[in-house]
file start_12.cif (mmCIF, C-alpha atoms)
data_data
#
loop_
_atom_site.label_atom_id
_atom_site.label_comp_id
_atom_site.auth_asym_id
_atom_site.auth_seq_id
_atom_site.Cartn_x
_atom_site.Cartn_y
_atom_site.Cartn_z
CA MET S 256 10.28 19.24 -16.86
CA LYS S 257 9.44 16.56 -14.31
CA ARG S 258 7.05 13.83 -15.44
CA LYS S 259 3.87 13.45 -13.39
CA VAL S 260 3.25 10.22 -11.51
CA THR S 261 0.20 8.68 -13.18
CA LYS S 262 0.86 4.91 -12.88
CA ALA S 263 0.88 2.77 -9.75
CA ILE S 264 1.85 -0.86 -9.22
CA PHE S 265 -0.11 -2.87 -6.65
CA PRO S 266 1.72 -6.10 -5.68
CA VAL S 267 -1.18 -8.38 -4.68
CA ALA S 268 0.14 -11.84 -5.49
CA GLY S 269 0.71 -12.95 -1.89
CA MET S 270 -1.16 -15.95 -0.54
CA GLY S 271 -2.12 -14.31 2.76
CA THR S 272 -1.14 -17.32 4.85
CA ARG S 273 -1.26 -15.32 8.09
CA PHE S 274 -5.05 -15.10 7.63
CA LEU S 275 -5.78 -18.74 6.91
CA PRO S 276 -8.31 -20.29 6.74
CA ALA S 277 -10.13 -17.15 5.48
CA THR S 278 -7.67 -16.67 2.62
CA LYS S 279 -8.16 -20.22 1.38
CA SER S 280 -10.86 -18.83 -0.91
CA VAL S 281 -10.88 -15.05 -0.29
CA PRO S 282 -7.94 -12.93 -1.50
CA LYS S 283 -6.47 -11.06 1.46
CA GLU S 284 -6.78 -7.77 -0.40
CA ILE S 285 -10.58 -7.92 -0.42
CA MET S 286 -10.90 -8.73 3.26
CA THR S 287 -13.13 -6.02 4.69
CA LEU S 288 -11.96 -3.21 6.94
CA VAL S 289 -15.28 -1.89 8.32
CA ASP S 290 -17.20 -1.89 5.02
CA ARG S 291 -14.50 -1.53 2.37
CA PRO S 292 -11.93 -4.11 1.26
CA LEU S 293 -8.26 -3.30 1.83
CA ILE S 294 -7.67 -2.81 -1.89
CA GLN S 295 -10.34 -0.08 -2.04
CA TYR S 296 -8.42 2.00 0.53
CA ALA S 297 -5.31 1.68 -1.65
CA ILE S 298 -7.19 2.60 -4.84
CA ASP S 299 -8.84 5.63 -3.22
CA GLU S 300 -5.44 6.82 -1.99
CA ALA S 301 -3.96 6.41 -5.45
CA ARG S 302 -6.82 8.28 -7.11
CA ALA S 303 -6.38 11.19 -4.69
CA ALA S 304 -2.71 11.36 -5.72
CA GLY S 305 -3.58 11.66 -9.43
CA ILE S 306 -2.99 8.04 -10.46
CA LYS S 307 -4.75 7.17 -13.71
CA GLU S 308 -3.40 3.69 -14.52
CA PHE S 309 -3.52 0.85 -12.00
CA LEU S 310 -1.22 -2.14 -12.51
CA PHE S 311 -2.01 -5.20 -10.42
CA VAL S 312 0.59 -7.94 -10.03
CA THR S 313 -1.51 -10.97 -9.15
CA SER S 314 -1.29 -14.74 -8.96
CA ARG S 315 -3.51 -17.79 -9.27
CA GLY S 316 -6.67 -17.61 -7.14
CA LYS S 317 -7.14 -13.83 -7.31
CA GLY S 318 -10.21 -13.86 -9.56
CA ALA S 319 -12.42 -12.31 -6.88
CA LEU S 320 -10.04 -9.36 -6.69
CA GLU S 321 -10.39 -8.77 -10.43
CA ASP S 322 -14.18 -9.12 -10.26
CA TYR S 323 -14.42 -6.56 -7.48
CA PHE S 324 -13.55 -3.69 -9.83
CA ASP S 325 -15.93 -4.82 -12.58
CA ILE S 326 -19.45 -3.49 -12.99
CA ALA S 327 -22.34 -5.38 -11.35
CA PRO S 328 -25.31 -4.72 -13.67
CA THR S 329 -27.79 -7.00 -11.87
CA LEU S 330 -27.05 -5.44 -8.48
CA GLU S 331 -27.11 -1.92 -9.93
CA ALA S 332 -30.49 -2.58 -11.57
CA LYS S 333 -31.91 -3.89 -8.28
CA LEU S 334 -30.71 -0.85 -6.31
CA ARG S 335 -32.04 1.50 -9.00
CA LYS S 336 -35.43 -0.23 -8.99
CA ASP S 337 -35.62 -0.02 -5.19
CA GLY S 338 -34.69 3.68 -5.21
CA LYS S 339 -31.56 3.08 -3.12
CA THR S 340 -29.61 5.89 -4.77
CA GLU S 341 -27.00 6.27 -1.99
CA LEU S 342 -26.05 2.61 -2.19
CA LEU S 343 -26.03 2.82 -5.99
CA ASP S 344 -23.61 5.76 -5.90
CA LEU S 345 -21.44 3.91 -3.39
CA LEU S 346 -21.37 0.83 -5.62
CA LYS S 347 -20.50 2.86 -8.72
CA SER S 348 -17.56 4.45 -6.88
CA THR S 349 -15.85 1.04 -6.88
CA ASN S 350 -16.03 0.66 -10.67
CA MET S 351 -12.95 1.33 -12.77
CA GLU S 352 -12.93 2.66 -16.32
CA SER S 353 -12.24 0.16 -19.07
CA GLY S 354 -8.51 0.10 -19.72
CA ALA S 355 -7.58 1.78 -16.43
CA ILE S 356 -6.56 -1.53 -14.82
CA ALA S 357 -4.05 -4.08 -16.07
CA TYR S 358 -3.39 -7.46 -14.46
CA ILE S 359 0.02 -9.14 -14.63
CA ARG S 360 0.67 -12.64 -13.27
CA GLN S 361 3.62 -13.30 -10.96
CA HIS S 362 4.19 -17.02 -11.41
CA LYS S 363 6.76 -17.46 -8.63
CA ALA S 364 6.82 -15.81 -5.20
CA LEU S 365 10.26 -14.23 -5.44
CA GLY S 366 9.69 -11.09 -3.39
CA LEU S 367 8.55 -7.50 -3.74
CA GLY S 368 11.34 -6.55 -6.14
CA HIS S 369 10.35 -9.36 -8.47
CA ALA S 370 6.67 -8.35 -8.29
CA VAL S 371 7.51 -4.79 -9.32
CA TRP S 372 9.80 -6.09 -12.08
CA CYS S 373 6.90 -8.14 -13.49
CA ALA S 374 5.14 -4.89 -14.44
CA ARG S 375 8.18 -3.42 -16.20
CA ARG S 376 6.74 -3.57 -19.73
CA LEU S 377 3.84 -1.32 -18.70
CA ILE S 378 6.15 1.39 -17.35
CA THR S 379 7.84 3.62 -19.90
CA ASN S 380 10.44 6.29 -19.16
CA GLU S 381 8.44 7.81 -16.30
CA PRO S 382 8.28 7.80 -12.51
CA PHE S 383 5.75 5.43 -10.99
CA ALA S 384 4.27 4.60 -7.61
CA VAL S 385 4.18 1.30 -5.72
CA ILE S 386 1.46 0.77 -3.12
CA LEU S 387 1.28 -2.17 -0.73
CA PRO S 388 -2.39 -2.60 0.25
CA ASP S 389 -1.40 -4.30 3.53
CA ASP S 390 -0.24 -0.90 4.78
CA VAL S 391 -3.39 1.14 5.41
CA ILE S 392 -2.67 4.74 6.36
CA ALA S 393 -5.21 7.01 8.05
CA ALA S 394 -4.32 10.57 7.11
CA GLU S 395 -6.08 13.89 6.57
CA LYS S 396 -4.22 14.21 3.26
CA PRO S 397 -3.64 10.74 1.73
CA CYS S 398 -0.08 9.51 2.13
CA LEU S 399 0.66 9.04 -1.57
CA GLN S 400 -0.65 12.52 -2.32
CA GLN S 401 1.79 13.91 0.24
CA MET S 402 4.60 11.97 -1.43
CA VAL S 403 3.68 13.08 -4.95
CA GLU S 404 3.79 16.70 -3.83
CA ALA S 405 7.20 16.13 -2.22
CA HIS S 406 8.45 14.34 -5.34
CA GLU S 407 7.49 17.32 -7.50
CA GLU S 408 10.02 19.30 -5.48
CA THR S 409 12.83 16.74 -5.24
CA GLY S 410 12.59 14.31 -8.14
CA GLY S 411 14.51 11.04 -7.69
CA CYS S 412 13.09 8.18 -5.63
CA VAL S 413 10.91 8.89 -2.61
CA VAL S 414 10.02 6.20 -0.06
CA ALA S 415 7.54 6.54 2.79
CA ALA S 416 9.31 6.27 6.13
CA MET S 417 8.47 6.12 9.80
CA GLU S 418 10.36 5.61 13.04
CA VAL S 419 9.94 2.13 14.51
CA PRO S 420 11.15 0.68 17.83
CA HIS S 421 14.74 -0.57 17.61
CA ASP S 422 13.66 -4.13 18.45
CA LYS S 423 11.40 -4.12 15.36
CA VAL S 424 13.88 -2.89 12.74
CA SER S 425 14.75 -6.41 11.60
CA SER S 426 11.29 -6.59 9.98
CA TYR S 427 11.86 -3.60 7.69
CA GLY S 428 14.08 -1.97 5.13
CA VAL S 429 15.95 0.74 7.05
CA LEU S 430 17.39 4.05 5.87
CA ASP S 431 20.96 5.21 6.39
CA ILE S 432 20.48 8.96 6.63
CA LYS S 433 22.77 11.41 4.86
CA GLU S 434 20.92 14.61 5.82
CA ASP S 435 17.82 15.03 7.97
CA MET S 436 15.66 17.90 6.71
CA GLY S 437 12.62 17.25 8.86
CA ALA S 438 9.84 15.71 6.80
CA MET S 439 12.39 14.74 4.14
CA VAL S 440 15.67 12.92 4.66
CA SER S 441 18.40 12.46 2.08
CA VAL S 442 19.47 8.82 2.01
CA LYS S 443 23.01 7.47 1.62
CA GLY S 444 22.15 3.80 2.01
CA MET S 445 19.42 1.24 2.65
CA VAL S 446 19.58 -2.06 4.48
CA GLU S 447 16.92 -4.76 4.18
CA LYS S 448 15.97 -6.39 7.50
CA PRO S 449 19.18 -5.65 9.44
CA ALA S 450 19.97 -7.67 12.53
CA VAL S 451 19.07 -5.87 15.76
CA GLY S 452 22.02 -3.73 16.82
CA THR S 453 23.39 -3.31 13.27
CA GLU S 454 20.73 -0.94 11.94
CA PRO S 455 21.93 2.46 10.64
CA SER S 456 18.80 4.15 12.06
CA ASN S 457 15.30 3.28 13.15
CA LEU S 458 13.73 5.07 10.17
CA ALA S 459 11.99 2.27 8.32
CA VAL S 460 10.51 2.08 4.84
CA ILE S 461 6.81 1.21 4.67
CA GLY S 462 4.58 0.34 1.75
CA ARG S 463 4.55 3.50 -0.39
CA TYR S 464 7.17 4.30 -3.03
CA ILE S 465 7.69 6.71 -5.89
CA LEU S 466 10.40 5.28 -8.11
CA THR S 467 12.25 6.14 -11.28
CA PRO S 468 12.45 3.76 -14.26
CA HIS S 469 16.15 3.28 -13.40
CA VAL S 470 14.95 1.05 -10.53
CA LEU S 471 13.40 -1.36 -13.02
CA ARG S 472 16.69 -1.57 -14.89
CA ASN S 473 18.45 -2.25 -11.59
CA LEU S 474 15.98 -5.07 -10.90
CA ASN S 475 17.07 -6.71 -14.16
CA LYS S 476 20.48 -7.24 -12.55
CA ILE S 477 19.59 -7.84 -8.91
CA LYS S 478 20.15 -11.32 -7.51
CA GLN S 479 18.32 -12.85 -4.61
CA GLY S 480 18.95 -11.00 -1.35
CA ALA S 481 17.55 -11.20 2.20
CA GLY S 482 15.22 -14.16 2.68
CA GLY S 483 16.18 -15.58 -0.71
CA GLU S 484 13.98 -12.96 -2.41
CA ILE S 485 14.63 -10.21 -4.94
CA GLN S 486 14.49 -7.14 -2.74
CA LEU S 487 13.14 -3.82 -3.98
CA THR S 488 15.30 -2.18 -1.33
CA ASP S 489 18.46 -3.46 -3.05
CA ALA S 490 17.39 -1.97 -6.39
CA ILE S 491 16.67 1.40 -4.76
CA ALA S 492 20.03 1.29 -2.96
CA LYS S 493 21.69 0.86 -6.37
CA GLU S 494 20.31 4.28 -7.29
CA ILE S 495 22.41 5.80 -4.51
CA GLU S 496 25.51 3.90 -5.64
CA GLN S 497 24.94 5.24 -9.15
CA GLY S 498 24.79 8.83 -7.91
CA ARG S 499 21.05 9.39 -8.13
CA ASP S 500 18.91 10.89 -5.36
CA VAL S 501 16.85 8.84 -2.91
CA TYR S 502 14.75 10.44 -0.20
CA GLY S 503 12.79 9.20 2.77
CA TYR S 504 9.54 11.01 3.49
CA ARG S 505 8.08 11.13 6.99
CA PHE S 506 4.40 11.10 6.09
CA ARG S 507 1.70 12.63 8.26
CA GLY S 508 -0.72 9.93 9.34
CA GLN S 509 -1.10 6.65 11.21
CA ARG S 510 -0.05 3.44 9.55
CA PHE S 511 -1.71 0.10 10.27
CA ASP S 512 -0.07 -3.18 9.29
CA CYS S 513 -3.15 -5.00 8.02
CA GLY S 514 -0.97 -7.89 6.91
CA SER S 515 -1.00 -8.98 10.56
CA LYS S 516 -4.03 -9.99 12.61
CA ALA S 517 -3.26 -7.55 15.41
CA GLY S 518 -2.77 -4.68 12.95
CA PHE S 519 -5.99 -5.55 11.15
CA LEU S 520 -7.94 -5.49 14.42
CA GLN S 521 -6.32 -2.20 15.44
CA ALA S 522 -7.28 -0.67 12.09
CA THR S 523 -10.84 -1.94 12.48
CA VAL S 524 -11.17 -0.19 15.82
CA ALA S 525 -9.57 3.05 14.59
CA PHE S 526 -11.59 3.26 11.38
CA GLY S 527 -14.78 2.21 13.15
CA LEU S 528 -14.40 4.96 15.75
CA ALA S 529 -13.71 7.49 12.98
CA ARG S 530 -17.14 6.83 11.45
CA GLU S 531 -19.90 9.12 12.77
CA ASP S 532 -22.55 6.50 11.98
CA LEU S 533 -20.77 3.86 14.06
CA ARG S 534 -18.80 5.73 16.72
CA ASP S 535 -21.29 6.02 19.60
CA GLU S 536 -22.57 2.43 19.53
CA PHE S 537 -19.12 0.98 18.90
CA LEU S 538 -17.45 3.05 21.63
CA GLN S 539 -20.12 2.03 24.12
CA TYR S 540 -19.46 -1.61 23.31
CA LEU S 541 -15.68 -1.20 23.66
CA ASN S 542 -16.06 0.54 27.01
CA GLU S 543 -18.32 -2.26 28.23
CA MET S 544 -15.77 -4.85 27.15
CA VAL S 545 -12.96 -3.01 28.96
CA SER S 546 -15.08 -2.79 32.11
CA LEU S 547 -15.84 -6.52 31.99
CA GLN S 548 -12.16 -7.38 31.56
CA GLN S 549 -11.14 -5.13 34.43
CA ALA S 550 -13.83 -6.70 36.65
CA ALA S 551 -12.62 -10.19 35.72
CA GLN S 552 -9.06 -9.31 36.78
#
call {"tool": "encode", "arguments": {"input": "start_12.cif", "output": "structure tokens"}}
result
Amino acid sequence: MKRKVTKAIFPVAGMGTRFLPATKSVPKEIMTLVDRPLIQYAIDEARAAGIKEFLFVTSRGKGALEDYFDIAPTLEAKLRKDGKTELLDLLKSTNMESGAIAYIRQHKALGLGHAVWCARRLITNEPFAVILPDDVIAAEKPCLQQMVEAHEETGGCVVAAMEVPHDKVSSYGVLDIKEDMGAMVSVKGMVEKPAVGTEPSNLAVIGRYILTPHVLRNLNKIKQGAGGEIQLTDAIAKEIEQGRDVYGYRFRGQRFDCGSKAGFLQATVAFGLAREDLRDEFLQYLNEMVSLQQAAQ
């Protein structure tokens, strides 16, 4: 009987240097995309997939991130007194049950593999998810939910995958495909950030994973890889070497790299236009801006 995926690791220890000076005092993960912080999108996706325990790998200076999921009794009392029930319900939706969240400190920035390894003592002999909040995915059915359903059929490790332009592959972990079955691909190898022209495919891994506890044991033995970091990709590749199954899953949805300024702005436009309460006014403004730029040219 396959174990259900009920735990997720959220690596949120990064310093967010690409968004300085904002991230000098504000954790990148609570920067706001329309009216919700990035971490809320990740939490909502995890909840939809059946995740019950949320493991945050943090670092110094992330106190605001921890506070975000706490209750706000003074604010709740004010909204209740003013009869603002919709806002009160919205606020309560961000609260997490006591004991549902655990925070683990990553003292040194040694890469994604190391961040996942830091949470090893809170994972028993069960599959678990890893979600990178920088990757925000707009999808009718949340990406991780799609992956959990696929994992129930396949077992093993499942990584979210998408085709990327060949000149961009050096920024990703890339899959070496054994068998292409459409939405699912069987994987015979993985390469972290290959040089352009050496990539085995252009099917890249993005920030959603369902992993077996074997991966944590592999991380115990992994040495520093690409970029001088402990790569999660290397630990997953070890699964293949050891004869266990690894799959890539072509998810249905649009991924935004909110770890970059351009990606964050693109996501803001896409999510803003998807909101009925914002669409008309926002679209009018965008059209006016395009017209002004065209006139200036």
call {"tool": "atom_distance", "arguments": {"input": "start_12.cif", "atom1": "CA of Lys279 (chain S)", "atom2": "CA of Gly368 (chain S)"}}
result
25.0 Å
call {"tool": "residues_around", "arguments": {"input": "start_12.cif", "residues": "Thr261 (chain S)", "least_positions_apart": "6", "cutoff": "9 Å", "atoms": "all atoms listed in the file", "output": "list of chain:residue names"}}
result
S:Ala304, S:Gly305, S:Ile306, S:Lys307, S:Glu308, S:Phe309, S:Glu381, S:Pro382, S:Phe383, S:Ala384
call {"tool": "atom_distance", "arguments": {"input": "start_12.cif", "atom1": "CA of Tyr427 (chain S)", "atom2": "CA of Ile461 (chain S)"}}
result
7.6 Å
call {"tool": "resolve_selection", "arguments": {"input": "start_12.cif", "expression": "the PyMOL selection byres ((chain S and resi 521-531) around 9)", "output": "ChimeraX atom specification"}}
result
/S:288-289,391,393,510-513,516-520,532-535,537-538
call {"tool": "resolve_selection", "arguments": {"input": "start_12.cif", "expression": "the PyMOL selection byres ((chain S and resi 355) around 9)", "output": "list in words"}}
result
Lys307, Glu308, Phe309, Leu310, Met351, Glu352, Ser353, Gly354, Ile356 and Ala357 of chain S
call {"tool": "atom_distance", "arguments": {"input": "start_12.cif", "atom1": "CA of Thr488 (chain S)", "atom2": "CA of Val260 (chain S)"}}
result
20.1 Å
call {"tool": "resolve_selection", "arguments": {"input": "start_12.cif", "expression": "the PyMOL selection byres ((chain S and resi 468) around 8)", "output": "list in words"}}
result
Ile378, Thr379, Asn380, Glu381, Pro382, Phe383, Leu466, Thr467, His469, Val470, Leu471 and Arg472 of chain S
call {"tool": "residues_near_point", "arguments": {"input": "start_12.cif", "point": "(-10.2, -2.9, 2.4)", "cutoff": "12 Å", "atoms": "only C-alpha atoms", "output": "ChimeraX atom specification"}}
result
/S:282-300,320,323,349,387-392,511,513-514,519,522-523,526
call {"tool": "write_last_selection", "arguments": {"input": "start_12.cif", "atoms": "C-alpha atoms", "output": "short mmCIF file (atom, residue, chain, number, x, y, z; two decimals), in the coordinates of the input"}}
result
data_model
loop_
_atom_site.label_atom_id
_atom_site.label_comp_id
_atom_site.auth_asym_id
_atom_site.auth_seq_id
_atom_site.Cartn_x
_atom_site.Cartn_y
_atom_site.Cartn_z
CA PRO S 282 -7.94 -12.93 -1.50
CA LYS S 283 -6.47 -11.06 1.46
CA GLU S 284 -6.78 -7.77 -0.40
CA ILE S 285 -10.58 -7.92 -0.42
CA MET S 286 -10.90 -8.73 3.26
CA THR S 287 -13.13 -6.02 4.69
CA LEU S 288 -11.96 -3.21 6.94
CA VAL S 289 -15.28 -1.89 8.32
CA ASP S 290 -17.20 -1.89 5.02
CA ARG S 291 -14.50 -1.53 2.37
CA PRO S 292 -11.93 -4.11 1.26
CA LEU S 293 -8.26 -3.30 1.83
CA ILE S 294 -7.67 -2.81 -1.89
CA GLN S 295 -10.34 -0.08 -2.04
CA TYR S 296 -8.42 2.00 0.53
CA ALA S 297 -5.31 1.68 -1.65
CA ILE S 298 -7.19 2.60 -4.84
CA ASP S 299 -8.84 5.63 -3.22
CA GLU S 300 -5.44 6.82 -1.99
CA LEU S 320 -10.04 -9.36 -6.69
CA TYR S 323 -14.42 -6.56 -7.48
CA THR S 349 -15.85 1.04 -6.88
CA LEU S 387 1.28 -2.17 -0.73
CA PRO S 388 -2.39 -2.60 0.25
CA ASP S 389 -1.40 -4.30 3.53
CA ASP S 390 -0.24 -0.90 4.78
CA VAL S 391 -3.39 1.14 5.41
CA ILE S 392 -2.67 4.74 6.36
CA PHE S 511 -1.71 0.10 10.27
CA CYS S 513 -3.15 -5.00 8.02
CA GLY S 514 -0.97 -7.89 6.91
CA PHE S 519 -5.99 -5.55 11.15
CA ALA S 522 -7.28 -0.67 12.09
CA THR S 523 -10.84 -1.94 12.48
CA PHE S 526 -11.59 3.26 11.38
#
call {"tool": "closest_residue", "arguments": {"input": "start_12.cif", "among": "S:Gln509, S:Gln486, S:Gln361, S:Ser456", "to": "Glu395 (chain S)", "atoms": "all atoms listed in the file"}}
result
S:Gln509
call {"tool": "closest_residue", "arguments": {"input": "start_12.cif", "among": "S:Ile386, S:Val312, S:Ala332, S:Val419", "to": "Gln400 (chain S)", "atoms": "only C-alpha atoms"}}
result
S:Ile386
